[in-house]
$ cat target.cif   # mmCIF, C-alpha atoms and all ligand atoms
data_start
#
loop_
_atom_site.label_atom_id
_atom_site.label_comp_id
_atom_site.auth_asym_id
_atom_site.auth_seq_id
_atom_site.Cartn_x
_atom_site.Cartn_y
_atom_site.Cartn_z
CA MET A 253 -152.23 16.82 173.90
CA ILE A 254 -150.27 19.67 172.53
CA THR A 255 -148.84 19.70 169.01
CA LEU A 256 -146.11 22.12 168.11
CA LYS A 257 -146.15 23.34 164.58
CA GLU A 258 -144.33 26.02 162.67
CA ARG A 259 -144.62 28.51 165.55
CA VAL A 260 -141.46 30.46 165.52
CA ILE A 261 -139.61 30.01 168.73
CA VAL A 262 -136.20 31.27 167.83
CA LEU A 263 -134.00 34.00 169.15
CA THR A 264 -136.23 36.76 167.87
CA SER A 265 -139.56 35.40 169.09
CA TYR A 266 -139.65 37.84 172.02
CA GLU A 267 -138.73 40.72 169.77
CA ARG A 268 -141.37 39.73 167.28
CA LYS A 269 -143.97 39.50 170.04
CA SER A 270 -143.07 42.99 171.31
CA LEU A 271 -143.06 44.35 167.77
CA ILE A 272 -146.48 42.86 167.06
CA ARG A 273 -147.87 44.24 170.32
CA PHE A 274 -146.45 47.68 169.60
CA LEU A 275 -147.72 47.66 166.02
CA THR A 276 -151.18 46.47 167.04
CA LEU A 277 -151.49 49.24 169.59
CA TYR A 278 -149.97 51.88 167.34
CA LEU A 279 -151.88 50.94 164.19
CA GLY A 280 -155.07 50.46 166.20
CA SER A 281 -154.91 54.01 167.52
CA VAL A 282 -153.84 55.37 164.12
CA PHE A 283 -156.79 53.60 162.55
CA VAL A 284 -159.28 55.05 165.06
CA LEU A 285 -157.79 58.53 164.65
CA LEU A 286 -157.83 58.37 160.86
CA ALA A 287 -161.38 56.99 160.87
CA ILE A 288 -162.58 59.91 163.04
CA ILE A 289 -160.76 62.46 160.87
CA GLY A 290 -162.14 60.84 157.71
CA TYR A 291 -165.68 60.77 159.07
CA LEU A 292 -165.58 64.40 160.18
CA PHE A 293 -164.06 65.47 156.86
CA PHE A 294 -166.73 63.59 154.92
CA GLU A 295 -169.59 64.99 157.01
CA ASN A 296 -168.22 68.49 156.71
CA ASN A 297 -167.93 68.22 152.94
CA ARG A 298 -171.35 66.64 152.65
CA THR A 299 -173.00 69.51 154.51
CA ALA A 300 -171.11 72.07 152.42
CA MET A 301 -172.02 70.33 149.15
CA LYS A 302 -175.64 70.07 150.21
CA SER A 303 -175.92 73.76 150.98
CA ALA A 304 -174.14 74.66 147.73
CA MET A 305 -176.63 72.44 145.89
CA LYS A 306 -179.57 74.08 147.67
CA PHE A 307 -178.26 77.49 146.79
CA GLU A 308 -177.80 76.60 143.11
CA MET A 309 -181.21 74.90 142.80
CA MET A 310 -183.03 77.82 144.45
CA TYR A 311 -181.23 80.23 142.16
CA GLN A 312 -182.16 78.24 139.03
CA GLY A 313 -185.75 77.86 140.28
CA ARG A 314 -186.12 81.60 140.81
CA MET A 315 -184.67 82.28 137.36
CA LEU A 316 -187.29 79.99 135.79
CA SER A 317 -190.01 81.57 137.86
CA SER A 318 -189.02 85.07 136.76
CA LYS A 319 -188.85 83.98 133.10
CA ILE A 320 -192.46 82.74 133.43
CA VAL A 321 -193.51 86.11 134.89
CA MET A 322 -191.85 87.98 132.05
CA LYS A 323 -193.43 85.72 129.41
CA ALA A 324 -196.85 86.11 131.01
CA MET A 325 -196.49 89.88 130.92
CA LYS A 326 -195.28 89.91 127.32
CA ASP A 327 -197.67 87.37 125.73
CA LYS A 328 -200.97 87.76 127.45
CA ALA A 329 -203.00 85.46 125.20
CA LEU A 330 -201.03 82.23 124.99
CA ASP A 331 -203.03 79.09 124.21
CA GLU A 332 -202.41 75.79 126.05
CA THR A 333 -200.03 74.29 123.44
CA GLU A 334 -197.94 77.46 123.22
CA LYS A 335 -197.73 77.58 127.03
CA ILE A 336 -196.54 73.99 127.25
CA ASN A 337 -194.04 74.49 124.41
CA PHE A 338 -192.73 77.55 126.21
CA LEU A 339 -192.40 75.74 129.53
CA ALA A 340 -190.67 72.78 127.84
CA SER A 341 -188.11 75.06 126.23
CA LEU A 342 -187.48 77.15 129.32
CA LYS A 343 -184.95 74.99 131.09
CA HIS A 344 -181.24 75.78 130.67
CA CYS A 345 -179.86 73.89 133.62
CA ARG A 346 -178.82 70.31 134.52
CA PHE A 347 -181.81 69.73 136.82
CA ASN A 348 -185.09 68.04 136.00
CA VAL A 349 -187.96 70.54 136.09
CA GLY A 350 -191.69 70.38 136.75
CA TYR A 351 -194.35 73.11 136.62
CA PHE A 352 -197.49 72.59 138.72
CA ASP A 353 -200.71 74.53 139.17
CA LYS A 354 -202.36 75.62 142.41
CA GLU A 355 -203.91 72.15 142.87
CA LYS A 356 -200.43 70.62 142.49
CA GLU A 357 -201.43 69.13 139.16
CA PRO A 358 -198.62 69.03 136.58
CA ILE A 359 -198.76 71.48 133.66
CA TYR A 360 -195.49 70.27 132.22
CA THR A 361 -193.08 68.03 134.14
CA GLU A 362 -189.94 65.93 133.79
CA ILE A 363 -190.32 64.73 137.36
CA GLY A 364 -192.52 61.72 138.04
CA ASP A 365 -193.13 61.95 141.76
CA VAL A 366 -193.28 65.17 143.73
CA SER A 367 -194.46 64.36 147.20
CA ARG A 368 -194.04 67.68 148.97
CA PHE A 369 -194.78 71.27 148.06
CA ASP A 370 -194.67 72.75 151.55
CA THR A 371 -190.91 73.26 151.84
CA ASP A 372 -188.37 74.95 149.62
CA PHE A 373 -185.71 72.20 149.81
CA TYR A 374 -185.77 68.55 150.79
CA VAL A 375 -183.98 65.25 150.10
CA LYS A 376 -185.96 62.13 149.28
CA ASP A 377 -184.69 58.76 148.01
CA ASN A 378 -181.21 60.21 147.57
CA CYS A 379 -182.53 63.05 145.33
CA CYS A 380 -182.72 66.77 146.14
CA TYR A 381 -185.90 68.74 145.45
CA THR A 382 -186.44 72.51 145.38
CA VAL A 383 -189.91 74.05 145.31
CA ILE A 384 -190.37 77.69 144.28
CA GLU A 385 -193.85 79.05 144.90
CA ASP A 386 -195.35 81.83 142.74
CA PRO A 387 -198.61 82.92 144.40
CA SER A 388 -199.58 85.10 141.39
CA ASP A 389 -199.97 81.96 139.19
CA HIS A 390 -198.41 83.41 136.00
CA LEU A 391 -199.24 81.14 133.02
CA GLY A 392 -201.12 79.05 135.60
CA VAL A 393 -197.80 77.97 137.19
CA HIS A 394 -197.98 78.03 140.98
CA TYR A 395 -195.02 75.78 141.77
CA VAL A 396 -191.70 75.36 139.96
CA VAL A 397 -190.02 72.15 141.14
CA LEU A 398 -186.43 71.17 140.45
CA LYS A 399 -184.99 67.72 141.01
CA GLU A 400 -181.33 66.70 141.20
CA ASN A 401 -180.03 63.06 140.87
CA GLU A 402 -176.27 63.39 140.96
CA LEU A 403 -175.59 64.45 144.51
CA VAL A 404 -175.53 60.86 145.78
CA ASP A 405 -172.95 59.94 143.17
CA THR A 406 -170.87 62.90 144.18
CA PHE A 407 -171.09 61.78 147.82
CA ARG A 408 -170.09 58.25 146.81
CA GLN A 409 -167.08 59.53 144.90
CA LEU A 410 -166.09 61.68 147.85
CA ARG A 411 -166.41 58.69 150.18
CA ILE A 412 -164.23 56.49 147.92
CA LYS A 413 -161.65 59.25 147.66
CA ILE A 414 -161.52 59.70 151.43
CA ILE A 415 -161.28 55.94 152.02
CA GLY A 416 -158.48 55.73 149.44
CA TYR A 417 -156.52 58.48 151.16
CA LEU A 418 -157.16 56.87 154.55
CA ILE A 419 -155.83 53.51 153.36
CA LEU A 420 -152.77 55.20 151.89
CA SER A 421 -152.09 57.13 155.11
CA PHE A 422 -152.68 53.95 157.13
CA LEU A 423 -150.12 52.03 155.07
CA LEU A 424 -147.66 54.86 155.37
CA MET A 425 -148.14 55.01 159.13
CA GLY A 426 -147.75 51.22 159.22
CA VAL A 427 -144.37 51.43 157.52
CA VAL A 428 -143.29 54.27 159.82
CA GLY A 429 -144.53 52.26 162.82
CA TYR A 430 -142.62 49.18 161.73
CA PHE A 431 -139.35 51.08 161.49
CA LEU A 432 -140.02 52.90 164.76
CA GLY A 433 -140.67 49.56 166.44
CA ARG A 434 -137.43 48.11 165.07
CA LEU A 435 -135.61 51.19 166.30
CA PHE A 436 -137.02 50.82 169.83
CA LEU A 437 -136.19 47.13 169.85
CA ARG A 438 -132.59 47.58 168.85
CA PRO A 439 -131.31 47.95 172.45
CA VAL A 440 -133.18 44.75 173.39
CA ARG A 441 -131.55 42.90 170.49
CA GLU A 442 -128.13 44.19 171.52
CA GLN A 443 -128.75 42.91 175.04
CA ILE A 444 -129.75 39.48 173.74
CA GLU A 445 -126.70 39.36 171.51
CA SER A 446 -124.35 40.28 174.32
CA LEU A 447 -126.01 37.67 176.56
CA ASP A 448 -125.51 35.07 173.84
CA GLN A 449 -121.91 36.11 173.42
CA PHE A 450 -121.39 35.79 177.15
CA ILE A 451 -122.92 32.29 177.23
CA SER A 452 -120.89 31.30 174.18
CA ASP A 453 -117.61 32.48 175.74
CA THR A 454 -118.37 30.83 179.07
CA THR A 455 -119.40 27.58 177.42
CA HIS A 456 -116.17 27.25 175.47
CA GLU A 457 -114.23 27.57 178.68
CA LEU A 458 -116.13 24.54 180.06
CA ASN A 459 -114.94 22.06 177.44
CA THR A 460 -111.45 21.40 178.75
CA PRO A 461 -112.31 20.92 182.44
CA ILE A 462 -115.30 18.65 181.65
CA SER A 463 -113.22 16.43 179.37
CA ALA A 464 -110.45 16.35 181.95
CA ILE A 465 -112.87 15.33 184.71
CA LEU A 466 -114.38 12.55 182.55
CA MET A 467 -110.96 11.17 181.62
CA THR A 468 -109.68 11.32 185.18
CA ILE A 469 -112.76 9.47 186.46
CA GLN A 470 -112.07 6.59 184.06
CA SER A 471 -108.54 6.26 185.36
CA LEU A 472 -109.47 6.48 189.05
CA LYS A 473 -108.70 3.31 190.88
CA GLY A 474 -109.21 2.13 194.42
CA ILE A 475 -112.11 4.43 195.28
CA ASP A 476 -115.62 3.47 196.33
CA GLU A 477 -117.43 2.31 193.15
CA LYS A 478 -120.64 4.09 194.24
CA LYS A 479 -118.84 7.38 194.65
CA LYS A 480 -117.10 6.91 191.31
CA LYS A 481 -120.43 6.34 189.55
CA ARG A 482 -121.97 9.41 191.17
CA LEU A 483 -118.99 11.44 190.06
CA GLU A 484 -119.27 10.06 186.53
CA ALA A 485 -123.03 10.73 186.44
CA SER A 486 -122.52 14.37 187.40
CA ALA A 487 -119.70 14.83 184.92
CA LYS A 488 -121.81 13.33 182.11
CA ARG A 489 -124.74 15.53 182.99
CA LEU A 490 -122.42 18.49 182.71
CA HIS A 491 -121.21 17.17 179.38
CA VAL A 492 -124.79 16.82 178.02
CA MET A 493 -125.48 20.42 179.08
CA TYR A 494 -122.26 21.56 177.49
CA SER A 495 -123.14 19.80 174.21
CA SER A 496 -126.57 21.46 174.13
CA LEU A 497 -125.11 24.88 174.76
CA THR A 498 -122.48 24.56 172.05
CA TYR A 499 -124.97 23.04 169.59
CA ARG A 500 -127.28 26.04 170.12
CA LEU A 501 -124.63 28.66 169.84
CA GLU A 502 -122.36 27.40 167.12
CA GLY A 503 -124.87 26.56 164.41
CA GLN A 504 -122.20 24.94 162.23
CA GLU A 505 -122.94 23.16 158.95
CA GLU A 506 -123.87 19.59 159.71
CA LYS A 507 -123.10 16.47 157.72
CA ILE A 508 -126.38 14.73 156.96
CA GLU A 509 -126.17 10.95 156.75
CA LEU A 510 -128.28 7.82 157.07
CA LEU A 511 -128.18 6.83 160.74
CA PRO A 512 -129.59 3.93 162.72
CA PHE A 513 -131.67 5.97 165.18
CA ASP A 514 -132.31 2.93 167.40
CA LYS A 515 -128.55 2.47 167.88
CA ILE A 516 -128.11 6.12 168.73
CA VAL A 517 -130.86 5.88 171.36
CA GLU A 518 -129.20 2.80 172.84
CA GLU A 519 -125.83 4.52 172.89
CA ARG A 520 -127.15 7.69 174.52
CA VAL A 521 -129.08 5.76 177.14
CA GLY A 522 -125.86 3.89 177.89
CA TYR A 523 -124.02 7.18 178.17
CA ILE A 524 -126.27 8.49 180.93
CA LYS A 525 -126.71 5.12 182.64
CA GLU A 526 -124.96 6.34 185.79
CA LEU A 527 -127.45 9.21 185.99
CA ILE A 528 -130.38 6.80 185.68
CA ASP A 529 -128.90 4.46 188.25
CA SER A 530 -128.11 7.24 190.67
CA LYS A 531 -131.84 8.02 190.90
CA ARG A 532 -132.81 4.34 190.92
CA LEU A 533 -135.13 4.91 187.96
CA HIS A 534 -136.80 1.98 186.21
CA LEU A 535 -135.97 2.27 182.57
CA THR A 536 -137.56 0.13 179.90
CA MET A 537 -136.73 0.28 176.21
CA GLU A 538 -138.56 -1.05 173.19
CA LEU A 539 -136.51 -0.21 170.14
CA GLU A 540 -137.33 -1.17 166.59
CA PRO A 541 -134.65 -0.56 163.93
CA MET A 542 -135.24 2.81 162.30
CA PRO A 543 -132.93 4.50 159.80
CA VAL A 544 -133.09 8.31 159.70
CA ARG A 545 -131.43 10.82 157.47
CA MET A 546 -129.99 13.53 159.67
CA SER A 547 -126.78 14.75 161.26
CA ARG A 548 -125.38 12.71 164.12
CA SER A 549 -125.13 15.68 166.47
CA SER A 550 -128.81 16.59 165.84
CA ALA A 551 -129.93 13.03 166.50
CA GLU A 552 -127.87 12.93 169.69
CA ARG A 553 -129.22 16.28 170.84
CA LEU A 554 -132.80 15.06 170.35
CA VAL A 555 -132.27 11.93 172.37
CA ASP A 556 -130.02 13.49 175.01
CA ASN A 557 -132.33 16.38 175.75
CA LEU A 558 -135.49 14.31 176.03
CA LEU A 559 -133.75 11.60 178.04
CA SER A 560 -131.90 13.89 180.39
CA ASN A 561 -135.10 15.85 181.02
CA ALA A 562 -136.97 12.64 181.80
CA VAL A 563 -134.24 11.74 184.27
CA LYS A 564 -134.04 15.23 185.73
CA TYR A 565 -137.78 15.65 186.24
CA CYS A 566 -138.33 12.17 187.70
CA ASP A 567 -138.14 11.47 191.41
CA ILE A 568 -136.27 8.55 192.92
CA GLY A 569 -137.80 5.24 191.86
CA ASP A 570 -139.92 6.68 189.00
CA GLU A 571 -140.28 5.02 185.65
CA ILE A 572 -139.02 5.97 182.19
CA ARG A 573 -140.10 4.21 179.01
CA VAL A 574 -138.24 4.76 175.76
CA ILE A 575 -140.11 3.43 172.74
CA LEU A 576 -139.16 3.51 169.08
CA LYS A 577 -141.85 2.01 166.90
CA GLU A 578 -143.33 2.74 163.50
CA ARG A 579 -141.23 5.88 163.06
CA GLU A 580 -142.42 7.23 166.39
CA PHE A 581 -139.99 7.95 169.19
CA ARG A 582 -141.59 8.27 172.63
CA VAL A 583 -139.96 9.22 175.89
CA GLU A 584 -142.43 8.63 178.71
CA ASP A 585 -141.81 9.37 182.35
CA THR A 586 -143.77 9.28 185.56
CA GLY A 587 -142.06 12.43 186.81
CA ILE A 588 -143.38 15.75 188.01
CA GLY A 589 -145.37 16.56 184.83
CA ILE A 590 -145.95 20.03 183.35
CA ASP A 591 -148.75 22.52 184.01
CA ALA A 592 -151.16 22.65 181.04
CA HIS A 593 -150.68 26.42 180.61
CA MET A 594 -146.89 26.05 180.41
CA GLN A 595 -146.82 23.25 177.90
CA GLU A 596 -146.40 25.47 174.87
CA ASP A 597 -144.06 27.97 176.50
CA ILE A 598 -141.42 25.46 177.62
CA PHE A 599 -140.32 25.12 174.00
CA LYS A 600 -139.31 28.77 173.94
CA ARG A 601 -135.71 29.59 174.53
CA TYR A 602 -134.78 30.18 178.20
CA LYS A 603 -138.35 29.33 179.31
CA ARG A 604 -138.55 27.00 182.30
CA ALA A 605 -141.54 25.64 184.17
CA ASN A 606 -139.49 24.55 187.11
CA SER A 607 -136.98 26.46 189.19
CA GLU A 608 -136.08 23.77 191.74
CA ARG A 609 -134.10 21.58 189.34
CA GLY A 610 -131.15 23.14 187.56
CA GLY A 611 -131.08 23.98 183.86
CA PHE A 612 -130.94 26.75 181.28
CA GLY A 613 -134.22 26.27 179.47
CA ILE A 614 -132.63 25.61 176.10
CA GLY A 615 -132.95 21.81 175.73
CA LEU A 616 -136.50 21.73 174.43
CA ASN A 617 -135.88 24.74 172.21
CA ILE A 618 -133.10 22.76 170.57
CA VAL A 619 -135.43 19.77 170.22
CA LEU A 620 -138.05 21.98 168.58
CA SER A 621 -135.62 23.57 166.15
CA ILE A 622 -134.20 20.17 165.13
CA CYS A 623 -137.75 18.87 164.64
CA LYS A 624 -138.55 21.83 162.43
CA LYS A 625 -135.39 21.36 160.42
CA TYR A 626 -136.02 17.65 159.77
CA LYS A 627 -139.84 17.93 159.54
CA ILE A 628 -140.38 15.79 162.60
CA LYS A 629 -143.77 16.21 164.28
CA LEU A 630 -143.39 17.00 167.95
CA ASN A 631 -146.13 16.27 170.46
CA LEU A 632 -146.30 16.54 174.19
CA GLU A 633 -148.73 14.86 176.53
CA SER A 634 -148.30 15.79 180.15
CA GLU A 635 -150.21 16.09 183.37
CA LYS A 636 -148.94 17.83 186.46
CA GLY A 637 -147.98 15.26 189.10
CA VAL A 638 -148.57 12.32 186.77
CA GLY A 639 -145.83 12.46 184.15
CA SER A 640 -144.90 13.52 180.64
CA THR A 641 -144.58 11.93 177.24
CA PHE A 642 -142.67 13.56 174.41
CA ILE A 643 -143.54 12.05 171.04
CA LEU A 644 -141.48 12.57 167.90
CA THR A 645 -143.02 11.33 164.67
CA PHE A 646 -140.39 11.04 161.94
CA PRO A 647 -141.34 11.53 158.32
CA LYS A 648 -141.41 8.41 156.16
CA ALA A 649 -137.95 7.36 154.98
CA LYS A 650 -137.34 8.12 151.29
P1 LIG A 701 -134.23 22.89 181.34
O1 LIG A 701 -134.58 21.48 181.62
O2 LIG A 701 -132.79 23.15 181.29
O3 LIG A 701 -134.95 23.84 182.23
P2 LIG A 701 -135.57 22.47 178.83
O4 LIG A 701 -135.72 23.39 177.66
O5 LIG A 701 -135.00 21.14 178.59
O6 LIG A 701 -134.73 23.28 179.89
O7 LIG A 701 -136.99 22.32 179.49
C1 LIG A 701 -137.80 23.46 179.68
C2 LIG A 701 -138.75 23.22 180.85
O8 LIG A 701 -139.68 22.20 180.50
C3 LIG A 701 -138.06 22.70 182.09
O9 LIG A 701 -137.60 23.80 182.89
C4 LIG A 701 -139.18 21.92 182.78
O10 LIG A 701 -139.95 22.80 183.58
C5 LIG A 701 -140.02 21.41 181.64
N1 LIG A 701 -139.77 20.01 181.30
C6 LIG A 701 -139.07 19.52 180.27
N2 LIG A 701 -139.07 18.17 180.25
C7 LIG A 701 -139.82 17.79 181.30
C8 LIG A 701 -140.23 16.52 181.81
N3 LIG A 701 -139.86 15.37 181.25
N4 LIG A 701 -141.01 16.52 182.91
C9 LIG A 701 -141.40 17.67 183.49
N5 LIG A 701 -141.05 18.90 183.05
C10 LIG A 701 -140.27 18.96 181.97
#
$ encode --input "target.cif" --output "structure tokens"
Amino acid sequence: MITLKERVIVLTSYERKSLIRFLTLYLGSVFVLLAIIGYLFFENNRTAMKSAMKFEMMYQGRMLSSKIVMKAMKDKALDETEKINFLASLKHCRFNVGYFDKEKEPIYTEIGDVSRFDTDFYVKDNCCYTVIEDPSDHLGVHYVVLKENELVDTFRQLRIKIIGYLILSFLLMGVVGYFLGRLFLRPVREQIESLDQFISDTTHELNTPISAILMTIQSLKGIDEKKKKRLEASAKRLHVMYSSLTYRLEGQEEKIELLPFDKIVEERVGYIKELIDSKRLHLTMELEPMPVRMSRSSAERLVDNLLSNAVKYCDIGDEIRVILKEREFRVEDTGIGIDAHMQEDIFKRYKRANSERGGFGIGLNIVLSICKKYKIKLNLESEKGVGSTFILTFPKAK
């Protein structure tokens, strides 16, 4: 069973679909492009920052090392405490420092864990280390080690900045894309509007001849009753089509009133009786009184469209059941049925699942829009070759 909800199936549904497709494709590619640019930019900066950091740490390390050499030359007989005090006061940079002897034992250190002494620069646990080796062991110092903790934070800030800029550019491109899409779609909209105008103009021209035919049929005398009924059936079918077309195109303000829906169903079934008879359809009705608050033309359009479709898509001798019970209106037929994959699409404007039997593909779209307007739940159960049931569930009367 298929339930139709708030899916927008109005004039602009095709435009919206195209716009969404265009935007998805456009923003998708923009996103990939921006992500690549952002990644490359980040990597590039990271490498540059890392080498700048290495350069600065090596420079500071060498400075410390040379200060130790100078001190060792100047004060030859320093005791252990003086040496440590000197080493502790030596640092004038933002890095943590450690001084180690030949056996890699700390003489004075602000760094807890130095795992490698065999390379001049390495990164471990998001920290940078620089090792300066002094083979002449001045003041007993063989290795000067520097440690840096802030590089990771700097990388994080850079990453956040880049992501921020990327999001901003993405939003900007999104806005540009939206307006571009609207611009491309304008000719399509103009086409739709001119098609609508054409249908509207043509439809208005149909009113007078259809009314004239219907009135003339009533006054015809002395002709075969069967032929008269067939004529009347065709004229009424034309009139139902005409009413749907004008209802769709005019969109006038409607007077909402409390209506006996069961009576309207009875009336509309009576109106197309000739059509039903001409196809020798078996019609059964079970109508329970049901007041509804809606405009008369909307109620008539609902009933007319569902009924005339049931008649149209039934074959000679098929059955139609019209049931109105517990605020549920069902139109069941044993007609040709609808392919499962088409069941949602047939509610779109101008969409048809059948090309053998005439029509414009607007009847069900009208039904859907009326249902949306009056908060009526619309369900369809159908099986190809078996039949269809359209179910309208009306909201509880207030
Ligand atoms: P139209 O009948 O003019 O084509 P509608 O909007 O009323 O337009 O219906 C859309 C399509 O839904 C029809 O073309 C038909 O394929 C299918 N359809 C509607 N009602 C029925 C039904 N009772 N049985 C089978 N198919 C139906």
$ residues_around --input "target.cif" --residues "range 384-394 of chain A" --least-positions-apart "3" --cutoff "7 Å" --atoms "only C-alpha atoms" --output "ChimeraX atom specification"
/A:313-314,320-321,324,351-354,372,397
$ closest_atom_pairs --input "target.cif" --of "chain A" --to "ligand LIG 701 (chain A)" --cutoff "9 Å" --atoms "only C-alpha atoms and all ligand atoms" --output "tab-separated table"
residue	atom	partner	partner_atom	distance
A:Met493	CA	A:LIG701	O2	8.1
A:Asn557	CA	A:LIG701	O5	6.2
A:Leu558	CA	A:LIG701	N2	6.7
A:Leu559	CA	A:LIG701	N3	7.9
A:Ser560	CA	A:LIG701	O5	8.1
A:Asn561	CA	A:LIG701	N2	4.7
A:Ala562	CA	A:LIG701	N3	4.0
A:Val563	CA	A:LIG701	N3	7.3
A:Lys564	CA	A:LIG701	N3	7.3
A:Tyr565	CA	A:LIG701	N4	4.7
A:Cys566	CA	A:LIG701	N4	7.0
A:Val583	CA	A:LIG701	N3	8.2
A:Glu584	CA	A:LIG701	N3	7.6
A:Asp585	CA	A:LIG701	N3	6.4
A:Thr586	CA	A:LIG701	N4	8.2
A:Gly587	CA	A:LIG701	N4	5.7
A:Ile588	CA	A:LIG701	C9	5.3
A:Gly589	CA	A:LIG701	C9	4.3
A:Ile590	CA	A:LIG701	N5	5.0
A:Asp591	CA	A:LIG701	N5	8.6
A:Met594	CA	A:LIG701	O8	8.2
A:Gln595	CA	A:LIG701	O8	7.7
A:Asp597	CA	A:LIG701	O8	8.3
A:Ile598	CA	A:LIG701	C1	4.6
A:Phe599	CA	A:LIG701	O4	6.1
A:Lys600	CA	A:LIG701	O4	7.5
A:Arg601	CA	A:LIG701	O4	6.9
A:Tyr602	CA	A:LIG701	O4	6.9
A:Lys603	CA	A:LIG701	C1	5.9
A:Arg604	CA	A:LIG701	O9	3.4
A:Ala605	CA	A:LIG701	O10	3.3
A:Asn606	CA	A:LIG701	O10	4.0
A:Ser607	CA	A:LIG701	O9	6.9
A:Glu608	CA	A:LIG701	O9	9.0
A:Arg609	CA	A:LIG701	O3	7.5
A:Gly610	CA	A:LIG701	O2	6.5
A:Gly611	CA	A:LIG701	O2	3.2
A:Phe612	CA	A:LIG701	O2	4.0
A:Gly613	CA	A:LIG701	O6	3.1
A:Ile614	CA	A:LIG701	O4	4.1
A:Gly615	CA	A:LIG701	O5	3.6
A:Leu616	CA	A:LIG701	O4	3.7
A:Asn617	CA	A:LIG701	O4	5.6
A:Ile618	CA	A:LIG701	O4	7.6
A:Val619	CA	A:LIG701	O4	8.3
A:Ser634	CA	A:LIG701	N4	7.8
A:Glu635	CA	A:LIG701	C9	9.0
A:Lys636	CA	A:LIG701	C9	8.1
A:Gly637	CA	A:LIG701	C9	9.0
A:Gly639	CA	A:LIG701	N4	6.4
A:Ser640	CA	A:LIG701	N3	5.4
A:Thr641	CA	A:LIG701	N3	7.1
A:Phe642	CA	A:LIG701	N3	7.6
$ atom_distance --input "target.cif" --atom1 "CA of Ile575 in chain A" --atom2 "CA of Ala551 in chain A"
15.3 Å
$ closest_residue --input "target.cif" --among "A:Phe293, A:Phe513, A:Tyr499, A:Phe274" --to "Ser549 in chain A" --atoms "all atoms listed in the file"
A:Tyr499
$ closest_residue --input "target.cif" --among "A:Ile363, A:Ile572, A:Ile444, A:Cys345" --to "Tyr266 in chain A" --atoms "only C-alpha atoms"
A:Ile444
$ atom_distance --input "target.cif" --atom1 "CA of Leu316 in chain A" --atom2 "CA of Lys399 in chain A"
13.5 Å
$ closest_residue --input "target.cif" --among "A:Asp556, A:Glu445, A:Glu538, A:Glu518" --to "His491 in chain A" --atoms "all atoms listed in the file"
A:Asp556
$ residues_around --input "target.cif" --residues "range 418-431 of chain A" --least-positions-apart "2" --cutoff "8 Å" --atoms "all atoms listed in the file" --output "list in words"
Leu271, Leu275, Tyr278, Leu279, Val282, Phe283, Leu286, Ala287, Gly290, Ile414, Ile415, Gly416, Gly433, Arg434 and Leu435 of chain A
$ residues_near_point --input "target.cif" --point "(-194.4, 69.0, 150.4)" --cutoff "12 Å" --atoms "all atoms listed in the file" --output "number ranges by chain"
A: 356, 365-376, 381-385, 395, 397
$ residues_around --input "target.cif" --residues "Leu490 in chain A" --least-positions-apart "3" --cutoff "12 Å" --atoms "all atoms listed in the file" --output "short mmCIF file (atom, residue, chain, number, x, y, z; two decimals) with C-alpha atoms, in the frame of the given file"
data_model
loop_
_atom_site.label_atom_id
_atom_site.label_comp_id
_atom_site.auth_asym_id
_atom_site.auth_seq_id
_atom_site.Cartn_x
_atom_site.Cartn_y
_atom_site.Cartn_z
CA THR A 455 -119.40 27.58 177.42
CA LEU A 458 -116.13 24.54 180.06
CA ASN A 459 -114.94 22.06 177.44
CA PRO A 461 -112.31 20.92 182.44
CA ILE A 462 -115.30 18.65 181.65
CA SER A 463 -113.22 16.43 179.37
CA ILE A 465 -112.87 15.33 184.71
CA LEU A 466 -114.38 12.55 182.55
CA LEU A 483 -118.99 11.44 190.06
CA GLU A 484 -119.27 10.06 186.53
CA ALA A 485 -123.03 10.73 186.44
CA SER A 486 -122.52 14.37 187.40
CA ALA A 487 -119.70 14.83 184.92
CA MET A 493 -125.48 20.42 179.08
CA TYR A 494 -122.26 21.56 177.49
CA SER A 495 -123.14 19.80 174.21
CA SER A 496 -126.57 21.46 174.13
CA LEU A 497 -125.11 24.88 174.76
CA ILE A 524 -126.27 8.49 180.93
CA LEU A 527 -127.45 9.21 185.99
CA ASP A 556 -130.02 13.49 175.01
CA SER A 560 -131.90 13.89 180.39
CA GLY A 610 -131.15 23.14 187.56
CA GLY A 611 -131.08 23.98 183.86
CA PHE A 612 -130.94 26.75 181.28
#
$ closest_residue --input "target.cif" --among "A:Val638, A:Pro512, A:Lys627, A:Arg273" --to "Glu571 in chain A" --atoms "all atoms listed in the file"
A:Val638
$ closest_residue --input "target.cif" --among "A:Lys473, A:Lys531, A:Lys577, A:Lys319" --to "Ser341 in chain A" --atoms "only C-alpha atoms"
A:Lys319
$ atom_distance --input "target.cif" --atom1 "CA of Thr406 in chain A" --atom2 "CA of Phe294 in chain A"
11.5 Å
$ axis_aligned_box --input "target.cif" --around "range 599-613 of chain A" --padding-each-side "4 Å" --output "lines of an AutoDock Vina configuration file"
center_x = -136.2
center_y = 25.9
center_z = 182.8
size_x = 18.6
size_y = 16.6
size_z = 25.8
